[in-house]
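File shown: upload.csv. Contents: CSV, C-alpha atoms.
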chain,number,residue,atom,x,y,z
I,138,MET,CA,10.4,25.1,4.1
I,139,LYS,CA,10.6,23.2,7.3
I,140,SER,CA,14.0,22.1,8.5
I,141,LYS,CA,14.8,18.4,8.3
I,142,THR,CA,13.6,17.8,11.8
I,143,LEU,CA,9.8,17.6,11.2
I,144,PHE,CA,9.7,13.9,11.7
I,145,ASP,CA,11.6,14.0,15.0
I,146,ASN,CA,8.6,15.0,17.1
I,147,THR,CA,7.6,11.9,18.9
I,148,GLU,CA,5.0,13.6,21.0
I,149,VAL,CA,3.0,14.2,17.8
I,150,ALA,CA,4.0,10.9,16.3
I,151,PHE,CA,2.6,8.8,19.1
I,152,LYS,CA,-0.1,11.0,20.5
I,153,LEU,CA,-2.8,8.4,19.8
I,154,LYS,CA,-1.0,5.7,21.7
I,155,SER,CA,-1.6,5.0,25.3
I,156,ASP,CA,1.3,4.1,27.5
I,157,SER,CA,0.4,0.4,27.3
I,158,GLU,CA,0.1,0.6,23.5
I,159,LEU,CA,3.5,2.3,23.3
I,160,ASP,CA,5.0,-0.5,25.4
I,161,ARG,CA,3.4,-3.1,23.1
I,162,ALA,CA,4.8,-1.4,20.0
I,163,TYR,CA,8.2,-1.3,21.5
I,164,PHE,CA,8.0,-5.0,22.5
I,165,LEU,CA,6.8,-6.0,18.9
I,166,PHE,CA,9.5,-4.1,17.1
I,167,LYS,CA,12.1,-5.5,19.5
I,168,MET,CA,11.0,-9.0,18.6
I,169,ILE,CA,10.9,-8.2,14.9
I,170,SER,CA,14.5,-6.9,15.1
I,171,HIS,CA,15.7,-10.4,15.7
I,172,GLU,CA,15.5,-12.4,12.5
I,173,PRO,CA,15.7,-15.9,14.1
I,174,LEU,CA,12.8,-14.9,16.4
I,175,VAL,CA,10.7,-13.8,13.4
I,176,LYS,CA,11.4,-17.2,11.6
I,177,ILE,CA,10.5,-19.2,14.7
I,178,GLY,CA,7.5,-17.1,15.5
I,179,THR,CA,6.0,-17.2,12.1
I,180,ALA,CA,6.5,-21.0,11.8
I,181,ALA,CA,5.0,-21.5,15.2
I,182,THR,CA,2.0,-19.3,14.4
I,183,ARG,CA,1.3,-21.1,11.1
I,184,PHE,CA,1.6,-24.5,13.0
I,185,ALA,CA,-0.8,-23.4,15.7
I,186,LEU,CA,-3.4,-22.0,13.4
I,187,ASN,CA,-3.3,-25.0,11.1
I,188,LEU,CA,-3.9,-27.2,14.2
I,189,HIS,CA,-6.8,-24.9,15.2
I,190,LEU,CA,-5.1,-24.2,18.6
I,191,PRO,CA,-6.7,-21.4,20.6
I,192,VAL,CA,-4.1,-18.7,19.7
I,193,GLU,CA,-6.2,-16.1,17.9
I,194,GLY,CA,-6.8,-14.2,21.1
I,195,LEU,CA,-3.0,-13.9,21.7
I,196,ILE,CA,-2.4,-12.9,18.1
I,197,ARG,CA,-5.2,-10.3,18.2
I,198,SER,CA,-4.0,-8.7,21.4
I,199,THR,CA,-0.4,-8.3,20.1
I,200,VAL,CA,0.7,-8.2,16.4
I,201,PHE,CA,-2.9,-8.1,14.9
I,202,ASP,CA,-4.1,-5.1,16.8
I,203,HIS,CA,-0.9,-3.2,16.2
I,204,PHE,CA,-0.9,-3.7,12.4
I,205,CYS,CA,-4.6,-4.2,11.6
I,206,GLY,CA,-7.8,-2.2,12.2
I,207,GLY,CA,-10.1,-5.1,13.1
I,208,ILE,CA,-11.8,-8.2,11.7
I,209,SER,CA,-14.5,-6.3,9.8
I,210,GLU,CA,-15.0,-2.8,8.4
I,211,GLU,CA,-17.4,-2.0,11.3
I,212,ASP,CA,-14.7,-3.2,13.7
I,213,CYS,CA,-12.3,-0.7,12.1
I,214,LEU,CA,-14.5,2.4,12.6
I,215,PRO,CA,-13.1,3.3,16.1
I,216,VAL,CA,-9.6,3.3,14.5
I,217,VAL,CA,-10.8,5.3,11.5
I,218,ASP,CA,-12.5,7.9,13.8
I,219,ASN,CA,-9.4,8.0,16.0
I,220,LEU,CA,-7.2,8.7,13.1
I,221,LEU,CA,-9.5,11.4,11.7
I,222,GLY,CA,-9.2,13.2,15.0
I,223,ALA,CA,-5.5,13.6,14.2
I,224,ASP,CA,-6.3,14.6,10.6
I,225,VAL,CA,-5.2,11.3,9.2
I,226,HIS,CA,-7.4,9.5,6.7
I,227,SER,CA,-7.9,5.8,6.2
I,228,VAL,CA,-7.7,3.3,3.4
I,229,LEU,CA,-9.4,0.1,4.5
I,230,ASP,CA,-7.6,-2.8,2.9
I,231,TYR,CA,-9.3,-6.3,3.0
I,232,SER,CA,-6.1,-8.2,3.4
I,233,VAL,CA,-7.1,-11.8,2.8
I,234,GLU,CA,-4.5,-13.4,0.6
I,235,GLY,CA,-3.8,-16.6,-1.2
I,236,LYS,CA,-7.2,-17.9,-2.2
I,237,GLU,CA,-7.6,-18.8,-5.9
I,238,ASP,CA,-11.1,-19.8,-6.9
I,239,GLU,CA,-14.0,-18.1,-8.8
I,240,LYS,CA,-16.2,-18.1,-5.7
I,241,GLN,CA,-13.5,-16.2,-3.7
I,242,PHE,CA,-12.8,-13.8,-6.6
I,243,ASP,CA,-16.5,-12.8,-6.7
I,244,ALA,CA,-16.5,-12.6,-2.9
I,245,THR,CA,-13.5,-10.2,-3.0
I,246,LEU,CA,-15.1,-8.1,-5.7
I,247,GLU,CA,-18.3,-7.8,-3.6
I,248,LYS,CA,-16.2,-6.9,-0.5
I,249,VAL,CA,-14.3,-4.2,-2.4
I,250,ILE,CA,-17.6,-2.8,-3.8
I,251,GLU,CA,-19.0,-2.9,-0.2
I,252,LEU,CA,-16.0,-1.0,1.1
I,253,THR,CA,-16.2,1.6,-1.7
I,254,ARG,CA,-19.8,2.2,-1.0
I,255,PHE,CA,-19.1,2.2,2.8
I,256,ALA,CA,-16.5,5.0,2.1
I,257,GLU,CA,-18.9,7.2,0.1
I,258,ASN,CA,-19.6,10.6,1.7
I,259,LYS,CA,-17.2,9.8,4.5
I,260,SER,CA,-14.4,12.3,4.5
I,261,ALA,CA,-12.3,9.9,6.5
I,262,MET,CA,-12.0,7.4,3.7
I,263,PRO,CA,-11.3,9.0,0.3
I,264,PHE,CA,-9.8,5.7,-1.2
I,265,SER,CA,-10.6,2.1,-1.8
I,266,VAL,CA,-8.1,-0.6,-2.7
I,267,PHE,CA,-7.6,-4.1,-4.2
I,268,LYS,CA,-5.0,-6.4,-5.6
I,269,PRO,CA,-5.2,-7.7,-9.2
I,270,THR,CA,-4.8,-11.3,-8.0
I,271,GLY,CA,-7.8,-10.7,-5.7
I,272,PHE,CA,-9.9,-10.7,-8.9
I,273,GLY,CA,-8.4,-13.6,-10.9
I,274,ARG,CA,-5.9,-16.4,-10.9
I,275,PHE,CA,-2.2,-15.4,-11.0
I,276,LYS,CA,-1.6,-17.9,-13.8
I,277,ILE,CA,-4.0,-16.1,-16.1
I,278,TRP,CA,-2.3,-12.7,-15.5
I,279,GLN,CA,1.0,-14.4,-16.1
I,280,LYS,CA,0.0,-16.1,-19.4
I,281,ILE,CA,-1.3,-12.8,-20.8
I,282,THR,CA,1.8,-10.9,-19.7
I,283,GLU,CA,4.0,-13.6,-21.3
I,284,ASN,CA,1.8,-13.5,-24.5
I,285,GLU,CA,0.8,-17.2,-24.2
I,286,SER,CA,-2.3,-18.3,-25.9
I,287,LEU,CA,-5.4,-18.9,-23.7
I,288,SER,CA,-7.8,-21.8,-23.9
I,289,GLN,CA,-11.5,-21.1,-24.4
I,290,SER,CA,-12.1,-21.6,-20.7
I,291,GLU,CA,-9.1,-19.3,-19.8
I,292,ASN,CA,-10.5,-16.6,-22.2
I,293,GLU,CA,-13.8,-16.8,-20.4
I,294,GLU,CA,-11.9,-16.6,-17.1
I,295,TRP,CA,-10.1,-13.5,-18.3
I,296,GLU,CA,-13.4,-11.9,-19.4
I,297,ARG,CA,-14.7,-12.4,-15.9
I,298,ILE,CA,-11.7,-10.6,-14.5
I,299,VAL,CA,-12.2,-7.7,-16.9
I,300,LYS,CA,-15.9,-7.5,-15.8
I,301,ARG,CA,-14.9,-7.5,-12.2
I,302,TYR,CA,-12.5,-4.6,-12.8
I,303,ASP,CA,-15.1,-2.6,-14.8
I,304,LYS,CA,-17.8,-3.2,-12.1
I,305,VAL,CA,-15.7,-2.0,-9.2
I,306,CYS,CA,-14.3,1.0,-11.2
I,307,ASN,CA,-17.8,1.9,-12.2
I,308,VAL,CA,-18.9,1.9,-8.5
I,309,ALA,CA,-15.9,3.9,-7.5
I,310,HIS,CA,-16.7,6.5,-10.2
I,311,GLY,CA,-20.3,6.7,-9.0
I,312,CYS,CA,-19.2,7.1,-5.4
I,313,ASN,CA,-16.4,9.6,-6.3
I,314,ILE,CA,-13.9,7.4,-4.4
I,315,SER,CA,-10.4,6.9,-5.8
I,316,LEU,CA,-9.5,3.3,-6.3
I,317,LEU,CA,-5.9,2.2,-5.6
I,318,ILE,CA,-4.9,-0.9,-7.5
I,319,ASP,CA,-1.9,-2.6,-6.0
I,320,GLY,CA,1.2,-3.7,-7.9
I,321,GLU,CA,2.4,-7.3,-7.9
I,322,GLU,CA,5.2,-9.5,-9.4
I,323,SER,CA,6.7,-8.3,-12.7
I,324,TRP,CA,5.8,-11.6,-14.6
I,325,MET,CA,2.1,-10.8,-14.3
I,326,GLN,CA,2.2,-7.0,-14.1
I,327,ASN,CA,2.0,-6.1,-17.8
I,328,ALA,CA,-1.5,-7.7,-18.0
I,329,ALA,CA,-2.6,-5.8,-14.9
I,330,ASP,CA,-1.1,-2.5,-16.2
I,331,ASN,CA,-2.9,-2.8,-19.5
I,332,LEU,CA,-6.2,-3.5,-17.9
I,333,CYS,CA,-5.7,-0.6,-15.5
I,334,GLU,CA,-4.9,1.6,-18.5
I,335,LEU,CA,-8.2,0.7,-20.1
I,336,MET,CA,-10.0,1.5,-16.9
I,337,MET,CA,-8.2,4.9,-16.6
I,338,GLU,CA,-9.2,5.8,-20.1
I,339,LYS,CA,-12.8,4.9,-19.4
I,340,TYR,CA,-13.3,6.4,-15.9
I,341,ASN,CA,-10.6,9.1,-15.5
I,342,LYS,CA,-12.1,11.6,-18.0
I,343,ASP,CA,-12.6,14.4,-15.5
I,344,THR,CA,-10.8,13.3,-12.3
I,345,PRO,CA,-8.4,10.5,-11.4
I,346,ILE,CA,-10.7,7.7,-10.0
I,347,VAL,CA,-8.5,4.8,-11.0
I,348,PHE,CA,-4.9,4.7,-9.6
I,349,ASN,CA,-2.3,2.2,-10.8
I,350,THR,CA,0.8,1.4,-8.7
I,351,LEU,CA,4.4,2.0,-9.8
I,352,GLN,CA,6.9,-0.2,-7.9
I,353,CYS,CA,10.1,1.8,-8.3
I,354,TYR,CA,12.6,-0.9,-7.5
I,355,ARG,CA,11.8,-1.8,-11.1
I,356,TRP,CA,14.2,0.2,-13.3
I,357,ASP,CA,11.7,0.6,-16.2
I,358,ARG,CA,9.0,2.4,-14.3
I,359,LEU,CA,10.0,6.0,-15.2
I,360,ASP,CA,9.9,5.2,-18.9
I,361,TYR,CA,6.6,3.4,-18.4
I,362,LEU,CA,5.2,6.5,-16.6
I,363,LYS,CA,6.3,8.8,-19.4
I,364,ASP,CA,4.6,6.6,-22.0
I,365,GLN,CA,1.4,6.5,-20.0
I,366,HIS,CA,1.5,10.3,-19.7
I,367,GLN,CA,1.7,10.7,-23.4
I,368,LYS,CA,-1.1,8.3,-24.1
I,369,ALA,CA,-3.3,10.0,-21.5
I,370,LYS,CA,-2.7,13.4,-22.9
I,371,SER,CA,-3.4,12.3,-26.5
I,372,LYS,CA,-6.7,10.6,-25.5
I,373,GLY,CA,-7.8,13.2,-22.9
I,374,TYR,CA,-7.9,11.5,-19.6
I,375,LYS,CA,-6.3,11.9,-16.2
I,376,LEU,CA,-3.7,9.6,-14.5
I,377,GLY,CA,-3.5,8.5,-10.9
I,378,PHE,CA,-0.5,6.6,-9.5
I,379,LYS,CA,0.5,5.2,-6.2
I,380,VAL,CA,4.3,5.3,-6.1
I,381,VAL,CA,6.1,2.8,-3.8
I,382,ARG,CA,9.5,1.2,-3.7
I,383,GLY,CA,8.2,-2.4,-4.0
I,384,ALA,CA,7.6,-5.5,-2.0
I,385,TYR,CA,8.9,-8.5,-4.0
I,386,MET,CA,12.6,-7.8,-4.5
I,387,GLU,CA,14.1,-11.1,-3.3
I,388,LYS,CA,11.5,-13.1,-5.2
I,389,GLU,CA,12.1,-11.0,-8.4
I,390,ASN,CA,15.9,-11.4,-8.3
I,391,ASP,CA,15.7,-15.1,-7.5
I,392,ARG,CA,13.3,-15.8,-10.3
I,393,ALA,CA,15.5,-13.8,-12.8
I,394,GLU,CA,18.5,-15.8,-11.7
I,395,ASP,CA,16.8,-19.2,-11.9
I,396,LYS,CA,15.3,-18.5,-15.4
I,397,GLY,CA,18.4,-16.7,-16.8
I,398,TYR,CA,16.9,-13.3,-17.7
I,399,SER,CA,18.0,-9.8,-16.6
I,400,SER,CA,16.5,-8.8,-13.3
I,401,PRO,CA,13.8,-6.1,-13.6
I,402,ILE,CA,15.0,-4.8,-10.2
I,403,CYS,CA,17.4,-1.8,-9.8
I,404,GLU,CA,21.0,-2.9,-9.1
I,405,SER,CA,21.2,-1.2,-5.7
I,406,LYS,CA,19.3,0.4,-2.9
I,407,GLN,CA,20.6,3.8,-4.1
I,408,ALA,CA,19.5,3.2,-7.6
I,409,THR,CA,16.0,2.3,-6.3
I,410,ASP,CA,15.9,5.5,-4.2
I,411,ASP,CA,17.0,7.6,-7.2
I,412,ASN,CA,14.4,5.9,-9.4
I,413,PHE,CA,11.7,6.5,-6.8
I,414,ASN,CA,12.6,10.1,-6.4
I,415,ALA,CA,12.7,10.6,-10.2
I,416,VAL,CA,9.2,9.1,-10.7
I,417,MET,CA,7.9,11.2,-7.8
I,418,THR,CA,9.5,14.4,-9.2
I,419,TYR,CA,8.1,13.7,-12.7
I,420,ILE,CA,4.6,13.4,-11.3
I,421,LEU,CA,4.9,16.6,-9.2
I,422,ASP,CA,6.1,18.4,-12.3
I,423,ASN,CA,2.9,17.3,-14.1
I,424,LEU,CA,0.1,17.5,-11.5
I,425,ASP,CA,-2.3,19.0,-14.0
I,426,ASP,CA,-2.3,15.5,-15.7
I,427,ILE,CA,-1.3,13.1,-12.9
I,428,SER,CA,-2.3,12.7,-9.3
I,429,LEU,CA,0.0,11.2,-6.8
I,430,PHE,CA,-0.4,8.9,-3.8
I,431,LEU,CA,3.1,8.7,-2.3
I,432,GLY,CA,3.4,5.4,-0.4
I,433,THR,CA,6.7,5.7,1.5
I,434,HIS,CA,8.2,5.2,4.8
I,435,ASN,CA,11.4,6.9,3.7
I,436,GLU,CA,12.1,10.2,5.4
I,437,ALA,CA,14.5,11.6,2.7
I,438,SER,CA,11.9,11.1,-0.1
I,439,SER,CA,9.2,12.6,2.0
I,440,TYR,CA,11.3,15.7,2.7
I,441,LEU,CA,12.1,15.9,-1.1
I,442,ALA,CA,8.4,15.9,-1.8
I,443,LEU,CA,7.8,18.6,0.7
I,444,ASP,CA,10.6,20.8,-0.8
I,445,ALA,CA,9.1,20.3,-4.3
I,446,LEU,CA,5.6,21.3,-3.2
I,447,SER,CA,7.0,24.4,-1.4
I,448,ASP,CA,9.2,25.4,-4.4
I,449,LYS,CA,6.3,25.1,-6.8
I,450,GLY,CA,3.9,27.0,-4.6
I,451,ILE,CA,1.5,24.0,-4.3
I,452,ALA,CA,-0.8,24.1,-1.3
I,453,LYS,CA,-0.1,21.5,1.4
I,454,ASN,CA,-3.6,20.1,1.1
I,455,ASP,CA,-3.7,20.1,-2.7
I,456,ALA,CA,-6.1,17.2,-3.5
I,457,ARG,CA,-3.8,15.8,-6.2
I,458,VAL,CA,-1.0,14.9,-3.7
I,459,TRP,CA,-1.3,12.3,-0.9
I,460,PHE,CA,1.2,10.8,1.5
I,461,GLY,CA,0.5,7.2,2.7
I,462,GLN,CA,2.0,4.8,5.2
I,463,LEU,CA,1.0,1.5,6.7
I,464,TYR,CA,-1.0,1.4,9.9
I,465,GLY,CA,1.3,0.6,12.8
I,466,MET,CA,4.5,1.9,11.0
I,467,SER,CA,6.2,5.2,10.5
I,468,ASP,CA,3.8,7.2,12.7
I,469,HIS,CA,6.5,9.8,13.0
I,470,ILE,CA,6.0,10.6,9.3
I,471,SER,CA,2.2,10.3,9.1
I,472,TYR,CA,1.2,12.3,12.1
I,473,ASN,CA,3.8,15.0,11.8
I,474,LEU,CA,2.8,15.5,8.1
I,475,ALA,CA,-0.9,15.6,9.1
I,476,THR,CA,-0.3,18.2,11.9
I,477,GLU,CA,1.4,20.4,9.3
I,478,GLY,CA,-1.7,20.2,7.0
I,479,TYR,CA,-0.6,17.7,4.3
I,480,ASN,CA,-3.0,15.0,3.0
I,481,VAL,CA,-2.1,11.8,4.8
I,482,ALA,CA,-3.7,8.3,4.7
I,483,LYS,CA,-3.0,5.2,6.6
I,484,TYR,CA,-3.4,1.8,4.9
I,485,ILE,CA,-5.4,-0.2,7.4
I,486,PRO,CA,-5.5,-4.0,6.8
I,487,PHE,CA,-8.4,-5.9,8.2
I,488,GLY,CA,-10.1,-9.3,8.0
I,489,PRO,CA,-10.5,-12.5,10.0
I,490,VAL,CA,-7.3,-13.2,12.1
I,491,LYS,CA,-6.5,-16.5,10.4
I,492,ASP,CA,-7.0,-15.1,6.9
I,493,VAL,CA,-4.9,-12.0,7.5
I,494,MET,CA,-1.9,-14.0,9.0
I,495,PRO,CA,-0.1,-14.3,5.6
I,496,TYR,CA,-0.2,-10.5,5.4
I,497,LEU,CA,1.1,-10.1,8.9
I,498,ILE,CA,3.9,-12.6,8.4
I,499,ARG,CA,4.9,-10.8,5.3
I,500,ARG,CA,5.0,-7.5,7.2
I,501,ALA,CA,7.2,-9.0,9.9
I,502,GLU,CA,9.6,-10.5,7.4
I,503,GLU,CA,9.8,-7.3,5.4
I,504,ASN,CA,10.6,-5.3,8.6
I,505,THR,CA,13.4,-7.7,9.3
I,506,SER,CA,14.8,-7.5,5.8
I,507,VAL,CA,14.7,-3.7,5.4
I,508,ALA,CA,17.9,-2.3,6.9
I,509,GLY,CA,17.1,0.5,9.4
I,510,GLN,CA,13.3,0.2,9.4
I,511,THR,CA,12.9,-1.6,12.7
I,512,SER,CA,15.8,0.1,14.4
I,513,ARG,CA,14.3,3.5,13.5
I,514,GLU,CA,11.0,2.5,15.0
I,515,LEU,CA,12.6,1.3,18.1
I,516,THR,CA,14.7,4.5,18.5
I,517,LEU,CA,11.6,6.7,18.2
I,518,LEU,CA,9.5,4.6,20.6
I,519,LYS,CA,12.4,4.6,23.1
I,520,LYS,CA,12.6,8.4,22.8
I,521,GLU,CA,8.9,8.8,23.4
I,522,LYS,CA,8.9,6.3,26.4
I,523,ALA,CA,11.7,8.4,27.9
I,524,ARG,CA,9.8,11.7,27.3
I,525,ARG,CA,6.7,10.2,29.1
I,526,GLY,CA,8.9,8.7,31.8
I,527,ILE,CA,7.7,5.1,31.3

Starting from the file, lay out its structure as structure tokens.
Amino acid sequence: MKSKTLFDNTEVAFKLKSDSELDRAYFLFKMISHEPLVKIGTAATRFALNLHLPVEGLIRSTVFDHFCGGISEEDCLPVVDNLLGADVHSVLDYSVEGKEDEKQFDATLEKVIELTRFAENKSAMPFSVFKPTGFGRFKIWQKITENESLSQSENEEWERIVKRYDKVCNVAHGCNISLLIDGEESWMQNAADNLCELMMEKYNKDTPIVFNTLQCYRWDRLDYLKDQHQKAKSKGYKLGFKVVRGAYMEKENDRAEDKGYSSPICESKQATDDNFNAVMTYILDNLDDISLFLGTHNEASSYLALDALSDKGIAKNDARVWFGQLYGMSDHISYNLATEGYNVAKYIPFGPVKDVMPYLIRRAEENTSVAGQTSRELTLLKKEKARRGI
């Protein structure tokens, strides 16, 4: 097994970045490292966009181009080709958020189908992706999760959501493209989990086409995984899971406190790490039944996974195991893993600049709140700048 220095190679990590792109990345993470600047910057950006001020060019040349692939899937192709040259695959993620009407849900469905067909027969893009709330109103997911009765119109609305799921899963099955379904807030997730389970039972008979997401800052996810495993074995279908730590911690804890119920979130960062590693290890112990997309920017968990694969004699490029990171982040993990022959994919957000801004603002805020994330990026970028003498 490789020593725990695999991710230290900044020459490999940043080999796709020009000197000017390296400088831009350093500048961006330096800005993100200052929480007051993030708050001021995000507020000013929202204000400018709402007033239709001509700031999209500035946004595009800085934060957008660092964290996003482009404004359309065709616009992303140079990025996709560039990554593939470094043996890194792409997951094109249409990152338009916050729109809640039937016309938009149908448009999102058609976009995900278009992207899935776009990826067919392209080795660079083995996955497609969508969010449950891209296909239906949050309130409907929440009411079903909380076992509230639906009106006739809400039942009809839910049936349309189910049909959207079935349609996109059917297309993914026909294209042999794995479909990653993102996780969201706990108070709507049960409905999403149950619908995803139905799709897995229908479309994962021979190979895992449909992947659900396990957010491991939730302390109940290992038990949920074990329950899903038993159901799948008894009914004869495969499971696919993207495993992440999670993205809504503060919102989850605040809501639990406001409403007086026990938080679904692990009590500490260490407990979350332990839970993530336990979920990951369980899947790696059961690869005949469960495929894994390991979405992590955590070096320790990545090394643990590499050790497990080595100990079990599992090939580095085994199709049942993928490592994934966000575009513009943790390149030291992505490119060093790919160079060693592991399956690696970058999540590449794209869409019109204004529509993708909620995603970009969330990225900036998350980087500020995750201890060590930004400082690690800065340290690596600084090291590479020094190596290049710039």

Counting only C-alpha atoms, give me one row per residue of range 341-456 of chain I with an atom at most 12 Å from an atom of range 483-493 of chain I, showing the shortest contact pair and its distance in Å to one decimal, sorted by chain then residue number, as JSON lines.
{"residue": "I:Phe430", "atom": "CA", "partner": "I:Lys483", "partner_atom": "CA", "distance": 11.3}
{"residue": "I:Leu431", "atom": "CA", "partner": "I:Lys483", "partner_atom": "CA", "distance": 11.3}
{"residue": "I:Gly432", "atom": "CA", "partner": "I:Tyr484", "partner_atom": "CA", "distance": 9.3}
{"residue": "I:Thr433", "atom": "CA", "partner": "I:Lys483", "partner_atom": "CA", "distance": 11.0}
{"residue": "I:His434", "atom": "CA", "partner": "I:Lys483", "partner_atom": "CA", "distance": 11.3}

- Could you pull the residues within 6 Å of range 378-390 of chain I, counting only C-alpha atoms, minus those fewer than 6 positions along the same chain, as a ChimeraX atom specification? /I:348-354,400,429-432

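The spacing separating CA of Lys375 in chain I from CA of Ser260 in chain I amounts to 22.2 Å.
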
- Task: Do a neighbour search on Leu143 in chain I at 10 Å with all atoms listed in the file, toss out local chain neighbours closer than 2 positions, and write the hits as a list in words.
- Result: Lys139, Ser140, Lys141, Asp145, Asn146, Thr147, Glu436, Tyr440, His469, Ile470, Asn473, Leu474 and Glu477 of chain I

- Looking at all atoms listed in the file, which of I:Leu335, I:Ile427, I:Ala408, I:Leu317 is the one that sits closest to Gly377 in chain I? I:Ile427

- Query: When distances are computed from all atoms listed in the file, which of I:Glu210, I:Cys333, I:His310, I:Lys342 shows the smallest separation from Gln365 in chain I?
  - Reply: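 Of all the options, I:Cys333 lies closest to Gln365 in chain I.
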
- For Glu172 in chain I, which residue out of I:Gly206, I:Glu285, I:Ala437, I:Thr511 is the nearest one, using only C-alpha atoms?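 Ranked by minimum distance to Glu172 in chain I, first place goes to I:Thr511.
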
If we count all atoms listed in the file, what is near Asn313 in chain I at a cut-off of 10 Å, once residues fewer than 6 positions away on the same chain are taken out, given as a PDB file with C-alpha atoms, in the frame of the given file?
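Wrote it out as selection_13.pdb, contents follow:
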ATOM      1  CA  THR I 253     -16.200   1.600  -1.700  1.00  0.00           C
ATOM      2  CA  ARG I 254     -19.800   2.200  -1.000  1.00  0.00           C
ATOM      3  CA  ALA I 256     -16.500   5.000   2.100  1.00  0.00           C
ATOM      4  CA  GLU I 257     -18.900   7.200   0.100  1.00  0.00           C
ATOM      5  CA  ASN I 258     -19.600  10.600   1.700  1.00  0.00           C
ATOM      6  CA  PRO I 263     -11.300   9.000   0.300  1.00  0.00           C
ATOM      7  CA  PHE I 264      -9.800   5.700  -1.200  1.00  0.00           C
ATOM      8  CA  ASN I 307     -17.800   1.900 -12.200  1.00  0.00           C
ATOM      9  CA  THR I 344     -10.800  13.300 -12.300  1.00  0.00           C
ATOM     10  CA  PRO I 345      -8.400  10.500 -11.400  1.00  0.00           C
ATOM     11  CA  ILE I 346     -10.700   7.700 -10.000  1.00  0.00           C
TER      12      ILE I 346
END

- Hey, what's within 10 Å of Ser438 in chain I if we count all atoms listed in the file and toss same-chain stuff fewer than 4 positions away? As a PyMOL selection string, please? chain I and resi 410-411+413-414+417-418+431+433-434+442-444

- With all atoms listed in the file as the atoms that count, which of I:Gly178, I:Val308, I:Met466, I:His366 lies nearest to Phe255 in chain I?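 That would be I:Val308, the residue with the smallest distance to Phe255 in chain I.
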
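Note that the spacing between CA of Asp468 in chain I and CA of Phe166 in chain I amounts to 13.4 Å.
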
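In this comparison, which uses all atoms listed in the file, the residue of I:Leu359, I:Ile169, I:Ala261, I:Leu159 approaching Ala523 in chain I most closely is I:Leu159.
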
- Message: If I take CA of Lys248 in chain I and CA of Tyr231 in chain I, how far is one from the other in Å, to one decimal?
- Response: 7.8 Å

- Residue nearest Gly311 in chain I among I:Ser157, I:Ser170, I:Ser512, I:Asn341 (counting all atoms listed in the file): I:Asn341

- Name all residues at most 10 Å from Lys268 in chain I (count only C-alpha atoms; drop same-chain ones fewer than 5 positions away) and give them as a VMD selection string. chain I and resid 230 to 232 234 245 273 317 to 321 329

From the block I gave, I'd like range 350-361 of chain I written with N, CA and C atoms, as an mmCIF file, in the first residue's frame.
data_model
loop_
_atom_site.group_PDB
_atom_site.id
_atom_site.type_symbol
_atom_site.label_atom_id
_atom_site.label_comp_id
_atom_site.auth_asym_id
_atom_site.auth_seq_id
_atom_site.Cartn_x
_atom_site.Cartn_y
_atom_site.Cartn_z
ATOM 1 N N THR I 350 -28.144 8.461 -2.172
ATOM 2 C CA THR I 350 -27.071 9.128 -1.431
ATOM 3 C C THR I 350 -27.253 8.922 0.067
ATOM 4 N N LEU I 351 -26.168 8.557 0.736
ATOM 5 C CA LEU I 351 -26.149 8.429 2.193
ATOM 6 C C LEU I 351 -25.356 9.593 2.766
ATOM 7 N N GLN I 352 -26.030 10.463 3.510
ATOM 8 C CA GLN I 352 -25.359 11.586 4.170
ATOM 9 C C GLN I 352 -24.985 11.144 5.588
ATOM 10 N N CYS I 353 -23.701 10.927 5.784
ATOM 11 C CA CYS I 353 -23.258 10.224 6.992
ATOM 12 C C CYS I 353 -23.117 11.105 8.222
ATOM 13 N N TYR I 354 -23.438 12.390 8.106
ATOM 14 C CA TYR I 354 -23.574 13.145 9.349
ATOM 15 C C TYR I 354 -24.881 12.792 10.049
ATOM 16 N N ARG I 355 -25.739 12.022 9.371
ATOM 17 C CA ARG I 355 -26.930 11.453 10.014
ATOM 18 C C ARG I 355 -26.539 10.135 10.686
ATOM 19 N N TRP I 356 -26.791 10.034 11.974
ATOM 20 C CA TRP I 356 -26.328 8.876 12.738
ATOM 21 C C TRP I 356 -27.077 7.591 12.405
ATOM 22 N N ASP I 357 -28.202 7.686 11.674
ATOM 23 C CA ASP I 357 -29.010 6.496 11.390
ATOM 24 C C ASP I 357 -28.685 5.834 10.052
ATOM 25 N N ARG I 358 -27.706 6.371 9.312
ATOM 26 C CA ARG I 358 -27.509 5.889 7.941
ATOM 27 C C ARG I 358 -26.916 4.485 7.839
ATOM 28 N N LEU I 359 -26.103 4.064 8.786
ATOM 29 C CA LEU I 359 -25.557 2.699 8.718
ATOM 30 C C LEU I 359 -26.671 1.672 8.884
ATOM 31 N N ASP I 360 -27.567 1.894 9.833
ATOM 32 C CA ASP I 360 -28.702 0.977 10.012
ATOM 33 C C ASP I 360 -29.596 0.983 8.778
ATOM 34 N N TYR I 361 -29.804 2.154 8.206
ATOM 35 C CA TYR I 361 -30.604 2.252 6.985
ATOM 36 C C TYR I 361 -29.955 1.453 5.854
#
